[in-house]
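S.K.: Compact mmCIF, C-alpha atoms, file protein39.txt:
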```txt
# COMPACT_ATOMS: atom_id res chain seq x y z
CA MET A 1 -61.00 96.60 177.50
CA PRO A 2 -64.76 96.50 176.84
CA ARG A 3 -66.58 99.52 178.15
CA VAL A 4 -69.73 101.46 177.48
CA ARG A 5 -70.29 105.14 177.92
CA LEU A 6 -73.22 105.91 180.17
CA ARG A 7 -75.46 108.88 179.65
CA VAL A 8 -76.53 111.54 182.10
CA GLN A 9 -80.09 112.49 181.33
CA GLU A 10 -81.62 115.74 182.45
CA SER A 11 -85.28 115.01 183.09
CA GLU A 12 -88.27 117.23 183.34
CA ILE A 13 -90.25 117.14 186.56
CA ARG A 14 -93.61 118.46 187.64
CA PRO A 15 -93.25 122.20 188.32
CA ASP A 16 -94.29 121.92 191.98
CA LEU A 17 -91.61 119.25 192.55
CA ARG A 18 -88.75 121.37 191.23
CA SER A 19 -85.98 122.44 193.59
CA LEU A 20 -85.86 126.20 193.14
CA TYR A 21 -83.49 128.17 195.29
CA THR A 22 -81.64 131.41 195.82
CA ASP A 23 -78.02 131.67 196.88
CA PRO A 24 -76.85 134.24 199.45
CA ARG A 25 -73.56 134.30 197.58
CA ARG A 26 -75.30 135.45 194.40
CA PRO A 27 -77.91 137.97 195.50
CA GLY A 28 -80.67 138.84 193.08
CA GLU A 29 -80.46 135.55 191.20
CA SER A 30 -82.50 132.37 191.41
CA PHE A 31 -81.71 128.85 190.32
CA VAL A 32 -83.23 125.45 189.70
CA PHE A 33 -81.40 122.28 190.67
CA PRO A 34 -81.30 119.91 187.69
CA VAL A 35 -82.91 116.47 187.77
CA LEU A 36 -80.09 114.25 186.54
CA ARG A 37 -80.18 110.50 186.13
CA LEU A 38 -77.48 108.06 185.09
CA MET A 39 -78.82 106.13 182.11
CA THR A 40 -77.87 103.23 179.93
CA THR A 41 -79.42 101.03 177.27
CA ALA A 42 -80.18 97.55 178.57
CA VAL A 43 -80.38 94.75 176.03
CA PHE A 44 -82.24 91.50 176.57
CA GLU A 45 -81.68 88.56 174.31
CA PRO A 46 -83.00 85.03 174.38
CA ARG A 47 -80.23 82.58 175.09
CA LYS A 48 -79.45 80.34 172.10
CA ALA A 49 -82.11 82.01 169.98
CA GLY A 50 -79.83 84.04 167.77
CA LYS A 51 -80.03 87.78 167.52
CA SER A 52 -82.66 88.27 164.93
CA SER A 53 -85.86 90.14 164.68
CA ARG A 54 -87.94 91.35 167.59
CA ASP A 55 -86.68 88.93 170.22
CA LEU A 56 -83.59 91.09 170.69
CA PHE A 57 -84.84 94.23 172.28
CA ASP A 58 -83.58 97.08 174.33
CA GLU A 59 -84.87 99.37 177.02
CA GLN A 60 -83.71 102.62 178.53
CA ALA A 61 -82.59 101.95 182.08
CA VAL A 62 -81.61 104.02 185.10
CA ILE A 63 -78.51 103.05 187.06
CA ASP A 64 -79.20 103.79 190.71
CA THR A 65 -76.45 102.88 193.16
CA GLY A 66 -78.78 104.03 195.94
CA ALA A 67 -81.25 101.29 195.09
CA TRP A 68 -80.19 98.16 196.94
CA ILE A 69 -81.72 95.90 194.29
CA THR A 70 -82.87 96.12 190.68
CA ILE A 71 -86.60 96.71 190.19
CA VAL A 72 -88.63 96.08 187.03
CA GLU A 73 -92.10 97.12 185.89
CA HIS A 74 -94.62 94.38 185.18
CA ARG A 75 -94.95 94.92 181.48
CA LEU A 76 -91.18 94.60 180.91
CA TRP A 77 -90.61 91.48 182.99
CA SER A 78 -93.71 89.79 181.58
CA ARG A 79 -92.20 90.25 178.12
CA LEU A 80 -88.92 88.79 179.35
CA ASP A 81 -90.88 85.92 180.85
CA ARG A 82 -92.61 85.21 177.54
CA LEU A 83 -89.16 84.96 175.96
CA GLY A 84 -88.13 82.44 178.59
CA LEU A 85 -85.47 84.73 180.01
CA ILE A 86 -86.57 84.83 183.64
CA GLU A 87 -85.60 82.31 186.24
CA PHE A 88 -87.90 82.91 189.19
CA LEU A 89 -86.46 82.76 192.70
CA PRO A 90 -89.40 81.81 194.95
CA PRO A 91 -89.29 82.50 198.69
CA PRO A 92 -88.61 79.62 201.08
CA ALA A 93 -91.63 77.61 202.23
CA GLY A 94 -93.54 79.48 204.91
CA ALA A 95 -91.98 82.88 204.19
CA PRO A 96 -94.41 85.79 203.77
CA SER A 97 -95.16 87.20 200.32
CA PRO A 98 -92.45 89.70 199.50
CA ARG A 99 -93.38 93.34 199.24
CA ALA A 100 -91.31 96.25 198.02
CA VAL A 101 -91.62 99.75 199.40
CA VAL A 102 -92.12 102.06 196.46
CA ALA A 103 -93.28 105.66 196.70
CA GLY A 104 -94.09 105.23 200.38
CA GLY A 105 -96.47 102.36 199.61
CA ARG A 106 -96.05 98.63 199.41
CA ALA A 107 -95.99 96.78 196.12
CA GLU A 108 -95.99 93.01 195.78
CA PHE A 109 -93.26 91.47 193.70
CA ARG A 110 -91.63 88.22 192.70
CA LEU A 111 -87.90 87.81 192.74
CA GLY A 112 -86.27 86.70 189.51
CA ARG A 113 -83.00 86.49 187.63
CA PHE A 114 -82.41 87.34 183.97
CA PRO A 115 -79.49 88.32 181.72
CA VAL A 116 -78.83 91.98 180.91
CA ALA A 117 -76.29 93.29 178.42
CA LEU A 118 -75.50 97.00 178.12
CA LEU A 119 -75.20 98.92 174.91
CA ASP A 120 -73.35 102.10 174.03
CA ARG A 121 -75.41 103.79 171.31
CA ASP A 122 -72.87 106.47 170.41
CA GLU A 123 -72.32 104.77 167.09
CA PRO A 124 -75.73 103.33 166.14
CA ASN A 125 -74.30 101.39 163.23
CA ARG A 126 -71.64 99.74 165.36
CA PRO A 127 -72.74 99.78 168.99
CA ARG A 128 -70.37 98.69 171.71
CA GLN A 129 -71.65 96.20 174.22
CA LEU A 130 -70.90 94.90 177.68
CA PRO A 131 -71.91 91.24 177.61
CA ALA A 132 -74.94 89.98 179.47
CA VAL A 133 -74.62 89.20 183.16
CA PRO A 134 -77.28 87.75 185.47
CA VAL A 135 -79.31 90.39 187.28
CA ILE A 136 -81.49 89.63 190.30
CA ALA A 137 -84.52 91.89 190.47
CA GLN A 138 -87.80 92.62 192.15
CA LEU A 139 -90.47 92.04 189.51
CA LEU A 140 -93.46 94.23 190.36
CA SER A 141 -96.79 92.38 190.30
CA ASP A 142 -99.06 95.37 189.67
CA PRO A 143 -99.16 96.34 185.97
CA ALA A 144 -100.33 99.82 186.93
CA PHE A 145 -97.15 100.63 188.82
CA ARG A 146 -94.83 102.85 186.77
CA LEU A 147 -91.26 103.62 187.67
CA PRO A 148 -89.53 106.62 186.07
CA TYR A 149 -88.17 104.06 183.62
CA PRO A 150 -89.21 100.43 183.10
CA ILE A 151 -86.11 99.12 184.83
CA VAL A 152 -83.99 100.61 187.60
CA LEU A 153 -80.64 98.84 187.81
CA GLY A 154 -79.60 98.57 191.44
CA PHE A 155 -76.41 98.44 193.44
CA HIS A 156 -75.87 94.73 194.02
CA GLY A 157 -76.52 91.49 192.19
CA GLY A 158 -76.51 93.03 188.73
CA ILE A 159 -74.70 94.99 186.07
CA LEU A 160 -72.14 96.56 188.42
CA ASP A 161 -70.82 93.27 189.76
CA GLY A 162 -67.21 92.68 188.79
CA ARG A 163 -67.01 95.92 186.81
CA VAL A 164 -65.61 99.41 187.19
CA LEU A 165 -67.97 102.38 187.32
CA ARG A 166 -65.94 105.41 186.31
CA ARG A 167 -66.81 109.08 186.57
CA GLU A 168 -64.50 111.47 184.79
CA PRO A 169 -64.70 115.23 185.24
CA VAL A 170 -65.33 117.29 182.13
CA LEU A 171 -63.62 120.63 182.48
CA GLY A 172 -64.15 123.77 180.48
CA PHE A 173 -67.71 123.18 179.41
CA ASP A 174 -68.55 124.96 176.19
CA PRO A 175 -71.94 126.68 176.54
CA ALA A 176 -72.33 126.49 172.77
CA ALA A 177 -72.12 122.69 172.82
CA PRO A 178 -75.31 120.82 172.02
CA GLY A 179 -77.42 120.73 175.16
CA HIS A 180 -78.65 117.19 174.89
CA ARG A 181 -80.95 116.12 177.65
CA ALA A 182 -80.38 112.58 176.40
CA ASP A 183 -76.74 113.02 177.37
CA ALA A 184 -76.29 116.05 179.54
CA GLY A 185 -73.14 114.74 181.21
CA PRO A 186 -70.55 117.08 179.68
CA ARG A 187 -72.86 120.03 180.26
CA PHE A 188 -72.81 119.19 183.96
CA GLY A 189 -69.08 118.49 184.11
CA GLN A 190 -69.12 114.71 184.14
CA GLN A 191 -68.74 111.70 181.94
CA TRP A 192 -69.51 108.16 183.08
CA TYR A 193 -68.33 104.77 181.90
CA LEU A 194 -68.88 101.18 182.92
CA GLU A 195 -66.06 98.84 182.03
CA THR A 196 -64.72 95.42 182.72
CA SER A 197 -62.09 95.27 185.41
CA MET B 198 -99.35 99.24 225.43
CA ILE B 199 -100.04 97.10 222.39
CA PRO B 200 -98.72 93.59 222.89
CA THR B 201 -96.21 92.51 220.31
CA PRO B 202 -96.95 89.09 218.84
CA PRO B 203 -94.13 86.61 219.13
CA MET B 204 -92.17 86.43 215.88
CA THR B 205 -89.86 83.82 214.53
CA ASP B 206 -86.92 85.14 212.63
CA PRO B 207 -87.24 83.82 209.05
CA LEU B 208 -83.53 84.50 208.55
CA ALA B 209 -82.74 81.77 211.08
CA ALA B 210 -83.41 79.17 208.39
CA VAL B 211 -81.54 80.99 205.60
CA SER B 212 -78.40 79.34 204.26
CA GLY B 213 -76.50 82.42 203.12
CA VAL B 214 -76.53 85.78 201.36
CA TYR B 215 -76.24 86.43 197.65
CA ASN B 216 -72.83 87.22 196.27
CA PRO B 217 -71.99 87.30 192.59
CA PRO B 218 -69.46 84.85 191.22
CA ALA B 219 -66.01 86.40 190.95
CA ASN B 220 -65.54 85.34 187.34
CA ALA B 221 -68.94 86.37 186.02
CA GLU B 222 -67.70 88.37 183.03
CA PRO B 223 -68.20 86.44 179.79
CA PRO B 224 -65.78 86.75 176.88
CA ASP B 225 -65.45 90.03 175.03
CA GLU B 226 -68.23 90.42 172.47
CA GLU B 227 -67.20 93.85 171.29
CA ASP B 228 -67.09 92.86 167.65
CA GLU B 229 -70.40 91.08 167.64
CA GLU B 230 -72.54 91.48 164.53
CA PHE B 231 -76.03 92.76 165.14
CA ASP B 232 -79.21 92.09 163.26
CA PRO B 233 -79.92 94.87 160.69
CA ASP B 234 -83.41 95.46 162.08
CA PHE B 235 -81.96 95.89 165.55
CA LEU B 236 -79.47 98.44 164.21
CA ALA B 237 -82.33 100.23 162.45
CA ARG B 238 -84.14 100.46 165.77
CA LEU B 239 -81.00 101.90 167.39
CA ARG B 240 -80.89 104.59 164.70
CA GLU B 241 -84.56 105.26 165.42
CA LEU B 242 -83.69 105.63 169.11
CA ASP B 243 -81.05 108.16 168.11
CA TRP B 244 -83.69 110.15 166.28
CA LEU B 245 -86.05 109.89 169.27
CA ASP B 246 -83.26 111.18 171.54
CA GLY B 247 -83.05 114.24 169.30
CA GLU B 248 -86.80 114.74 169.37
CA TYR B 249 -86.73 114.48 173.17
CA ASP B 250 -83.88 116.98 173.34
CA ALA B 251 -85.82 119.40 171.18
CA GLY B 252 -88.81 119.17 173.50
CA ARG B 253 -91.02 117.69 170.80
CA LEU B 254 -91.98 114.70 172.97
CA ALA B 255 -93.11 116.82 175.91
CA GLN B 256 -96.73 115.95 175.25
CA PHE B 257 -95.95 112.29 175.99
CA TYR B 258 -94.52 112.57 179.52
CA GLY B 259 -95.15 109.33 181.40
CA GLU B 260 -96.00 107.45 178.20
CA TYR B 261 -94.40 105.12 175.70
CA VAL B 262 -94.16 106.24 172.12
CA ILE B 263 -93.73 103.77 169.29
CA SER B 264 -92.08 104.98 166.13
CA ALA B 265 -90.61 103.73 162.87
CA ASN B 266 -89.02 105.52 159.94
CA ARG B 267 -88.90 108.73 161.99
CA THR B 268 -92.64 108.75 162.43
CA ILE B 269 -94.44 108.40 165.74
CA LEU B 270 -97.14 105.81 165.15
CA ALA B 271 -98.71 105.52 168.60
CA HIS B 272 -98.42 106.40 172.26
CA ASP B 273 -99.95 105.11 175.48
CA VAL B 274 -99.17 104.84 179.17
CA PHE B 275 -99.09 101.08 178.69
CA GLN B 276 -96.48 99.83 176.29
CA GLY B 277 -98.57 96.86 175.19
CA SER B 278 -101.43 99.12 174.19
CA ALA B 279 -99.04 101.45 172.41
CA PHE B 280 -97.62 98.51 170.44
CA GLU B 281 -101.09 97.27 169.48
CA LYS B 282 -102.01 100.69 168.09
CA ALA B 283 -98.64 101.05 166.36
CA GLU B 284 -98.87 97.63 164.73
CA ALA B 285 -102.24 98.51 163.23
CA GLU B 286 -100.83 101.78 161.96
CA ALA B 287 -97.73 100.02 160.62
CA VAL B 288 -99.88 97.64 158.58
CA ARG B 289 -101.74 100.61 157.14
CA LEU B 290 -98.48 102.35 156.21
CA GLY B 291 -96.71 99.21 154.98
CA ILE B 292 -94.05 99.31 157.71
CA ARG B 293 -92.54 96.03 158.86
CA PRO B 294 -93.30 95.39 162.56
CA GLU B 295 -89.64 94.54 163.17
CA LEU B 296 -88.87 98.23 162.78
CA LEU B 297 -91.22 99.42 165.52
CA THR B 298 -89.18 101.15 168.20
CA SER B 299 -90.36 101.80 171.74
CA TYR B 300 -89.24 104.89 173.62
CA SER B 301 -90.09 105.57 177.22
CA ILE B 302 -90.71 109.19 178.15
CA PRO B 303 -90.06 109.68 181.87
CA SER B 304 -92.98 110.78 183.95
CA LEU B 305 -93.01 114.11 185.73
CA ASP B 306 -93.77 112.26 188.97
CA TYR B 307 -91.66 109.65 190.66
CA PRO B 308 -92.88 106.98 190.71
CA MET B 309 -96.55 106.82 189.87
CA LYS B 310 -99.49 104.54 189.40
CA VAL B 311 -101.50 104.67 186.19
CA SER B 312 -104.98 103.42 185.45
```
Go through the file and emit its structure as C-alpha cells.

M.R.:
Amino acid sequence: MPRVRLRVQESEIRPDLRSLYTDPRRPGESFVFPVLRLMTTAVFEPRKAGKSSRDLFDEQAVIDTGAWITIVEHRLWSRLDRLGLIEFLPPPAGAPSPRAVVAGGRAEFRLGRFPVALLDRDEPNRPRQLPAVPVIAQLLSDPAFRLPYPIVLGFHGGILDGRVLRREPVLGFDPAAPGHRADAGPRFGQQWYLETS
Amino acid sequence: MIPTPPMTDPLAAVSGVYNPPANAEPPDEEDEEFDPDFLARLRELDWLDGEYDAGRLAQFYGEYVISANRTILAHDVFQGSAFEKAEAEAVRLGIRPELLTSYSIPSLDYPMKVS
C-alpha cells in the first residue's frame, strides 16, 4: 500500500507571538507551547515531459486540514504556469473577482487546478511517492504576499481526497533522540502518514 | 439605518459543488526511477534539514536559500531573485544549475507581506 510519512516541524516564531504560560499544577515552572506544523514534500512534474532536469521540482508544503482550500504563493504558481501545469478555473460571467481573506486582509486570487505528488524523503536515494492528484487552489495574485510556506495544502479538493490520513501515537519518547525540528513528530508523541485507501 | 442594496445570489446560477472523483488514485508508482539530479537535490534538502535543525539557518527566517554541494549560494525573500543570484554564483564555482536546491525558511510571522 503506497504511503508517505509526513513530518511534524517545530517552527520558530517571533518572540512576542510565543505562547508562554504557567501551570497551576506545576508551580514555579513556566512553559512555551510549541509551534508545530504538519509538513510534506510536494512534487510538481510536467505531464508527458519526462522526469529530467529542473522541470521536476519539489517544495516544502504545509498540510492544514483547517484550511478549506489549498492556497499558493504567486511565485510558485507562476512557475507551475510556465511549465504548463495549471488549468485555470475562471469565475462564471458576471461573478465578482474572487478575494481570499488572509491575515485579516483581502488578497485577490485566481482559482486553478494542477497535479501534486507527495514525496517521502526518509531515504533520499530511493524516495517513496504518492502519485500526483489534481489539486484545486487559490493562486494569490500579489507577489509580495508570503505564506509561512509557498503552498498550504487544504482540506478538500486536493491531496487528502480518497486517502487515509493516519496519526499514530509515539510512546516512550527518548529525550536523547535527535531533536529534529525538520521532523519533531516523535519528540511530541506523534507520527503521521498519508496513504492510499 | 444604512440601506442594504438589493443583491442577487450568484449561487442561484451555479450548477453544483466540487467533489473529487471516487477513483482518482492513479496506479502505484512506488518503484519509479528518479532523475539523478533530482535525487541529488533531495540529498541536498536532507543536508539543509540538518542545518535548519542545528539553527544555522536562523539568519534566513522568511527567506529562500539556494544551495548546491552543501554550500549556500544565495538567499532572498523572493525565490526568483535568490535563484538569479545563485545561478551567477554557480557559474563562478562551476556548479551545474540542475543541482541548485531551493529551501524555504518559515517566517517568524504568519503570514506576511514583503517588499

S.K.: For chain B, which residue out of A:Val116, A:Leu76, A:Val170, A:Leu83 is the nearest one, using all atoms listed in the file?

M.R.: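 Of the candidates, the smallest distance to chain B is held by A:Leu76.
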
S.K.: Considering all atoms listed in the file, state which residue in the set B:Ile269, B:Val262, B:Ala287, B:Ile302 is at the smallest distance from chain A.

M.R.: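 Going through B:Ile269, B:Val262, B:Ala287, B:Ile302 one by one, the smallest distance to chain A is for B:Ile302.
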
S.K.: Let me make sure I understand: among A:Gln129, A:Ser141, A:Gln60, A:Thr40, which one has the smallest atom-to-atom distance to Glu73 of chain A if we use only C-alpha atoms?

M.R.: A:Ser141

S.K.: Neighbouring residues of segment 212-216 of chain B were defined as those with any atom within 12 Å, considering only C-alpha atoms; residues of the same chain fewer than 5 positions away were excluded. Please report them as a VMD selection string.

M.R.: (chain A and resid 69 89 92 134 to 136 156 to 158 161 to 162) or (chain B and resid 207 221)

S.K.: Would you list the contacts of Thr70 of chain A as a list in words, taking every protein, DNA or RNA residue within 9 Å and counting all atoms listed in the file, but skipping same-chain residues closer than 2 positions in sequence?

M.R.: Ile63, Asp64, Ala67, Trp68, Val72, Val135, Ile136, Ala137, Gln138, Leu139, Ile151, Val152, Leu153, Gly154, Phe155, His156, Gly157 and Gly158 of chain A

S.K.: Calculate, to one decimal in Å, the centre and edge lengths of the box along x, y and z of the file that holds all listed atoms of segment 6-13 of chain A with 4 Å of margin on each side, and present them as AutoDock Vina command-line options.

M.R.:
```
--center_x -81.7 --center_y 111.6 --center_z 183.1 --size_x 25.0 --size_y 19.3 --size_z 14.9
```

S.K.: Show me as a list in words the residues that reach within 10 Å of (-86.1, 113.6, 175.1), counting all atoms listed in the file and using the file's own coordinates.

M.R.: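 Residues found, by chain and rising number: Gln9, Glu10, Ser11, Glu12, His180, Arg181, Ala182 and Asp183 of chain A; Trp244, Leu245, Asp246, Gly247, Glu248, Tyr249, Asp250, Ala251, Gly252, Arg253, Leu254, Ala255, Phe257, Tyr258, Tyr300, Ser301, Ile302 and Pro303 of chain B.
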
S.K.: Could the residues of chain A within 9 Å of chain B, counting only C-alpha atoms, be given as a ChimeraX atom specification, please?

M.R.: /A:1-3,11-15,17,51-54,56-60,75-76,92,94-95,102-103,121-134,143-150,156-158,161-163,179-183,196

S.K.: For Leu80 of chain A, which of A:Arg25, A:Arg5, A:Arg18, A:Arg113 is the closest residue, counting all atoms listed in the file?

M.R.: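 So, comparing all the options, the nearest one is A:Arg113.
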
S.K.: Go ahead and compute the interatomic distance for atom CA of Phe114 of chain A and atom CA of Thr41 of chain A, in Å to one decimal.

M.R.: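 Going from atom CA of Phe114 of chain A over to atom CA of Thr41 of chain A, I get 15.5 Å.
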
S.K.: Could you tell me how far atom CA of Gly189 of chain A sits from atom CA of Val8 of chain A, in Å to one decimal place?

M.R.: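 Straight-line distance from atom CA of Val8 of chain A to atom CA of Gly189 of chain A works out to 10.4 Å.
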
S.K.: Which one of A:Ala117, A:Pro90, A:Glu29, A:Pro169 sits closest to Leu194 of chain A if you count all atoms listed in the file?

M.R.: A:Ala117

S.K.: Calculated over all atoms listed in the file, which of the candidates A:Glu45, A:Leu6, A:Arg166, A:Gln191 has the smallest distance to Arg79 of chain A?

M.R.: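 Closest residue, counting all atoms listed in the file: A:Glu45.
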
S.K.: Figure out the distance between atom CA of Gly172 of chain A and atom CA of Thr22 of chain A, please, to one decimal in Å.

M.R.: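 Those two atoms sit 24.5 Å apart.
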
S.K.: Can you find the residues with an atom no farther than 9 Å from (-88.9, 128.5, 193.7), counting all atoms listed in the file, and report them as a PyMOL selection string?

M.R.: chain A and resi 16+18-22+30-32

S.K.: Keeping N, CA and C atoms, write segment 243-269 of chain B of the structure just shown out as a PDB file, in the first residue's frame.

M.R.:
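Wrote decode_33.pdb, looks like this:
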```pdb
ATOM      1  N   ASP B 243      18.125  17.138   2.456  1.00  0.00           N
ATOM      2  CA  ASP B 243      18.425  16.433   3.695  1.00  0.00           C
ATOM      3  C   ASP B 243      19.481  17.193   4.486  1.00  0.00           C
ATOM      4  N   TRP B 244      20.506  17.651   3.777  1.00  0.00           N
ATOM      5  CA  TRP B 244      21.559  18.435   4.434  1.00  0.00           C
ATOM      6  C   TRP B 244      20.984  19.747   4.981  1.00  0.00           C
ATOM      7  N   LEU B 245      20.121  20.393   4.186  1.00  0.00           N
ATOM      8  CA  LEU B 245      19.522  21.654   4.629  1.00  0.00           C
ATOM      9  C   LEU B 245      18.635  21.445   5.858  1.00  0.00           C
ATOM     10  N   ASP B 246      17.924  20.300   5.901  1.00  0.00           N
ATOM     11  CA  ASP B 246      17.145  19.977   7.107  1.00  0.00           C
ATOM     12  C   ASP B 246      18.058  19.972   8.336  1.00  0.00           C
ATOM     13  N   GLY B 247      19.217  19.342   8.179  1.00  0.00           N
ATOM     14  CA  GLY B 247      20.163  19.263   9.298  1.00  0.00           C
ATOM     15  C   GLY B 247      20.678  20.640   9.706  1.00  0.00           C
ATOM     16  N   GLU B 248      20.945  21.469   8.712  1.00  0.00           N
ATOM     17  CA  GLU B 248      21.395  22.829   9.007  1.00  0.00           C
ATOM     18  C   GLU B 248      20.308  23.605   9.741  1.00  0.00           C
ATOM     19  N   TYR B 249      19.060  23.403   9.296  1.00  0.00           N
ATOM     20  CA  TYR B 249      17.933  24.072   9.959  1.00  0.00           C
ATOM     21  C   TYR B 249      17.810  23.591  11.405  1.00  0.00           C
ATOM     22  N   ASP B 250      17.913  22.272  11.573  1.00  0.00           N
ATOM     23  CA  ASP B 250      17.829  21.705  12.923  1.00  0.00           C
ATOM     24  C   ASP B 250      18.894  22.278  13.845  1.00  0.00           C
ATOM     25  N   ALA B 251      20.063  22.484  13.283  1.00  0.00           N
ATOM     26  CA  ALA B 251      21.184  22.969  14.097  1.00  0.00           C
ATOM     27  C   ALA B 251      21.108  24.475  14.329  1.00  0.00           C
ATOM     28  N   GLY B 252      20.108  25.109  13.781  1.00  0.00           N
ATOM     29  CA  GLY B 252      19.948  26.550  13.981  1.00  0.00           C
ATOM     30  C   GLY B 252      20.851  27.404  13.111  1.00  0.00           C
ATOM     31  N   ARG B 253      21.505  26.768  12.143  1.00  0.00           N
ATOM     32  CA  ARG B 253      22.458  27.535  11.316  1.00  0.00           C
ATOM     33  C   ARG B 253      21.791  28.295  10.170  1.00  0.00           C
ATOM     34  N   LEU B 254      20.467  28.148  10.045  1.00  0.00           N
ATOM     35  CA  LEU B 254      19.751  28.916   9.017  1.00  0.00           C
ATOM     36  C   LEU B 254      18.886  30.010   9.644  1.00  0.00           C
ATOM     37  N   ALA B 255      19.102  30.245  10.946  1.00  0.00           N
ATOM     38  CA  ALA B 255      18.246  31.195  11.661  1.00  0.00           C
ATOM     39  C   ALA B 255      18.334  32.599  11.076  1.00  0.00           C
ATOM     40  N   GLN B 256      19.449  32.906  10.465  1.00  0.00           N
ATOM     41  CA  GLN B 256      19.597  34.257   9.902  1.00  0.00           C
ATOM     42  C   GLN B 256      18.736  34.457   8.650  1.00  0.00           C
ATOM     43  N   PHE B 257      18.149  33.370   8.156  1.00  0.00           N
ATOM     44  CA  PHE B 257      17.392  33.464   6.896  1.00  0.00           C
ATOM     45  C   PHE B 257      15.883  33.342   7.091  1.00  0.00           C
ATOM     46  N   TYR B 258      15.388  33.546   8.310  1.00  0.00           N
ATOM     47  CA  TYR B 258      13.947  33.396   8.540  1.00  0.00           C
ATOM     48  C   TYR B 258      13.159  34.244   7.543  1.00  0.00           C
ATOM     49  N   GLY B 259      12.148  33.630   6.944  1.00  0.00           N
ATOM     50  CA  GLY B 259      11.305  34.339   5.980  1.00  0.00           C
ATOM     51  C   GLY B 259      11.914  34.448   4.602  1.00  0.00           C
ATOM     52  N   GLU B 260      13.041  33.751   4.373  1.00  0.00           N
ATOM     53  CA  GLU B 260      13.706  33.845   3.077  1.00  0.00           C
ATOM     54  C   GLU B 260      13.820  32.461   2.416  1.00  0.00           C
ATOM     55  N   TYR B 261      14.224  32.491   1.168  1.00  0.00           N
ATOM     56  CA  TYR B 261      14.609  31.269   0.470  1.00  0.00           C
ATOM     57  C   TYR B 261      16.123  31.221   0.420  1.00  0.00           C
ATOM     58  N   VAL B 262      16.676  30.066   0.681  1.00  0.00           N
ATOM     59  CA  VAL B 262      18.100  29.887   0.454  1.00  0.00           C
ATOM     60  C   VAL B 262      18.259  28.911  -0.711  1.00  0.00           C
ATOM     61  N   ILE B 263      19.282  29.153  -1.513  1.00  0.00           N
ATOM     62  CA  ILE B 263      19.586  28.272  -2.633  1.00  0.00           C
ATOM     63  C   ILE B 263      20.959  27.686  -2.380  1.00  0.00           C
ATOM     64  N   SER B 264      21.038  26.369  -2.419  1.00  0.00           N
ATOM     65  CA  SER B 264      22.325  25.737  -2.147  1.00  0.00           C
ATOM     66  C   SER B 264      22.619  24.656  -3.172  1.00  0.00           C
ATOM     67  N   ALA B 265      23.875  24.243  -3.195  1.00  0.00           N
ATOM     68  CA  ALA B 265      24.316  23.106  -4.003  1.00  0.00           C
ATOM     69  C   ALA B 265      25.628  22.622  -3.411  1.00  0.00           C
ATOM     70  N   ASN B 266      25.846  21.331  -3.462  1.00  0.00           N
ATOM     71  CA  ASN B 266      27.077  20.756  -2.929  1.00  0.00           C
ATOM     72  C   ASN B 266      27.356  21.210  -1.494  1.00  0.00           C
ATOM     73  N   ARG B 267      26.283  21.284  -0.707  1.00  0.00           N
ATOM     74  CA  ARG B 267      26.381  21.660   0.711  1.00  0.00           C
ATOM     75  C   ARG B 267      26.988  23.047   0.907  1.00  0.00           C
ATOM     76  N   THR B 268      26.664  23.919  -0.007  1.00  0.00           N
ATOM     77  CA  THR B 268      27.116  25.302   0.096  1.00  0.00           C
ATOM     78  C   THR B 268      25.941  26.220  -0.206  1.00  0.00           C
ATOM     79  N   ILE B 269      25.680  27.152   0.691  1.00  0.00           N
ATOM     80  CA  ILE B 269      24.604  28.109   0.427  1.00  0.00           C
ATOM     81  C   ILE B 269      25.140  29.185  -0.514  1.00  0.00           C
TER      82      ILE B 269
END
```
